[in-house]
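Novice: Before I ask anything, here is the structure I am working with.
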Amino acid sequence: MSIRWSLVIPVKTLVAAKTRLAAATGPHRTRLAVAVAADTVAAALVCPLVARVIVVTADPAAAEPLAALGADVVPDPDRGLNTALRTGAAHAAGLAPGDAVGALQADLPALRPVELGRALEAAAEFDQSFVPDALDVGTTFYGVLPGRPFTPRFGGESRAKHLAAGAKELCVPNIDSLRRDVDTPDDLRAAVRLGLGPHTAAVVADLWPGA
């Protein structure tokens with residue numbers, strides 16, 4: 001029987017979200033941040049290996065639409081990204097201690113459920129594992145098996161941090177949508193080429209008509 005996963009997705013307050021996209025997105029920045037998170041959450045919820053999605057946020061403007069999609073929303077203690085993830089993981093363990101727990105970045109607007117599923121199948125073979133971002137610098141997914149310590153090290157050069165901590169790097173083919181996080185206009189254009197989820201596509205259609 002396949003391992004089931006609780007996925008924790010941290011969502012920044014929208015005032016702080018996507019600052020590196022500000023010049024390109026202008027008045028659409030907040031709308032884009034919500035849309036990107038919504039497409040990430042929606043794709044995760046459709047993946048058959050995902051039992052639940054827990055969103056950690058302090059922003060009602062993000063919490064309400066993400067809860068409407070089916071996410072379980074818990075308050076962000078506002079003590080940094082990794083603390084937010086550990087808060088969500090503790091909530092997940094209380095709900096389903098027999099499920100694996102993963103942390104998923106919230107800025108994956110092209111995420112495909114089948115590609116997430118490939119990564120989760122691979123992650124089920126290791127006590128702790130991670131997926132690097134498209135630049136091989138950061139991390140888009142970190143996961144642990146049931147009962148294992150959940151010790152995410154997101155931020156900065158997190159790929160190196162996770163490797164140094166003994167997490168297995170998952171070199172899974174054909175998971176480009178899971179590795180394509182979006183922090184800059186070039187990242188967003190790369191996600192457009194992969195194929196955006198419907199929420200982000202609607203915003204991008206207003207930003208870049210014809211994209």
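Here, A, B, ... name the chains of the structure tokens in the order displayed, residue numbers run from 1 inside each chain, and ligands are numbered from 1 in the same displayed order.
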Check the DSSP output for the backbone and give back, as a list in words, the residues of range 77-149 of chain A in alpha helix (DSSP H).
Specialist: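 DSSP-assigned alpha helix (DSSP H) residues in range 77-149 of chain A: Leu81, Asn82, Thr83, Ala84, Leu85, Arg86, Thr87, Gly88, Ala89, Ala90, His91, Ala92, Ala93, Gly94, Leu95, Pro113, Val114, Glu115, Leu116, Gly117, Arg118, Ala119, Leu120, Glu121, Ala122 and Ala123 of chain A.
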Novice: Sorted by chain and rising residue number, which residues of range 78-150 of chain A lie within 9 Å of range 156-174 of chain A, and what are their closest atom pairs and distances in Å to one decimal, counting only C-alpha atoms, as CSV?
Specialist:
residue,atom,partner,partner_atom,distance
A:Glu115,CA,A:Asn174,CA,6.8
A:Arg118,CA,A:Val172,CA,7.4
A:Ala119,CA,A:Val172,CA,6.6
A:Ala122,CA,A:Leu170,CA,7.0
A:Ala123,CA,A:Leu170,CA,7.2
A:Phe126,CA,A:Lys168,CA,6.9
A:Asp127,CA,A:Ala167,CA,7.8
A:Gln128,CA,A:Ala167,CA,5.0
A:Ser129,CA,A:Lys168,CA,4.3
A:Phe130,CA,A:Glu169,CA,5.2
A:Val131,CA,A:Leu170,CA,5.4
A:Pro132,CA,A:Arg159,CA,5.9
A:Asp133,CA,A:Arg159,CA,8.1
A:Asp136,CA,A:Arg159,CA,6.9
A:Val137,CA,A:Glu157,CA,5.2
A:Gly138,CA,A:Ser158,CA,4.8
A:Thr139,CA,A:Arg159,CA,5.6
A:Tyr142,CA,A:His162,CA,8.5
A:Gly143,CA,A:Ala167,CA,8.9
Novice: What does the distance from CA of Ala190 in chain A to CA of Leu45 in chain A come to in Å, to one decimal?
Specialist: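 Distance reported for this atom pair: 23.3 Å.
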Novice: Just want the 6 Å neighbourhood of range 96-113 of chain A, counted on only C-alpha atoms, with same-chain residues fewer than 6 positions away dropped. Output as a VMD selection string.
Specialist: chain A and resid 4 to 9 36 to 37 39 to 40 43 47 140 to 146 177 to 178 181 to 182 191 195 to 197
Novice: Need to verify the contact set: Ala84 in chain A, 9 Å, only C-alpha atoms, exclusion of same-chain residues closer than 6 positions in sequence. Can you return it as number ranges by chain?
Specialist: A: 10, 56-57, 75-78
Novice: Name the residues of chain A that fall into strand (DSSP E) according to DSSP on the backbone, using the chain letters and numbers of this document, as a VMD selection string.
Specialist: chain A and resid 5 to 11 50 to 57 72 to 75 100 to 104 128 to 132 139 to 144 168 to 169
Novice: Would you list the contacts of range 203-207 of chain A as a PDB file with N, CA, C and O atoms, in the first residue's frame, taking every protein, DNA or RNA residue within 8 Å and counting only C-alpha atoms, but skipping same-chain residues closer than 6 positions in sequence?
Specialist:
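Everything below was put into out-v4.pdb:
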ATOM      1  N   THR A  25       4.769  43.149 -11.990  1.00  0.00           N
ATOM      2  CA  THR A  25       3.355  42.832 -11.769  1.00  0.00           C
ATOM      3  C   THR A  25       2.540  44.025 -11.292  1.00  0.00           C
ATOM      4  O   THR A  25       1.309  44.007 -11.399  1.00  0.00           O
ATOM      5  N   HIS A  28      -1.026  44.056  -9.717  1.00  0.00           N
ATOM      6  CA  HIS A  28      -1.496  42.669  -9.719  1.00  0.00           C
ATOM      7  C   HIS A  28      -0.697  41.765  -8.778  1.00  0.00           C
ATOM      8  O   HIS A  28      -0.951  40.571  -8.719  1.00  0.00           O
ATOM      9  N   ARG A  31      -2.750  39.829  -6.133  1.00  0.00           N
ATOM     10  CA  ARG A  31      -3.605  38.865  -6.837  1.00  0.00           C
ATOM     11  C   ARG A  31      -2.784  37.696  -7.376  1.00  0.00           C
ATOM     12  O   ARG A  31      -3.212  36.538  -7.311  1.00  0.00           O
ATOM     13  N   LEU A  32      -1.598  37.997  -7.900  1.00  0.00           N
ATOM     14  CA  LEU A  32      -0.741  36.934  -8.419  1.00  0.00           C
ATOM     15  C   LEU A  32      -0.290  35.997  -7.309  1.00  0.00           C
ATOM     16  O   LEU A  32      -0.293  34.772  -7.476  1.00  0.00           O
ATOM     17  N   ALA A  35      -3.056  33.692  -6.462  1.00  0.00           N
ATOM     18  CA  ALA A  35      -3.307  32.756  -7.564  1.00  0.00           C
ATOM     19  C   ALA A  35      -2.265  31.657  -7.617  1.00  0.00           C
ATOM     20  O   ALA A  35      -2.592  30.476  -7.807  1.00  0.00           O
TER      21      ALA A  35
END
Novice: Between CA of Val55 in chain A and CA of Gly88 in chain A, what is the spacing in Å?
Specialist: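 CA of Val55 in chain A lies at a distance of 7.3 Å from CA of Gly88 in chain A.
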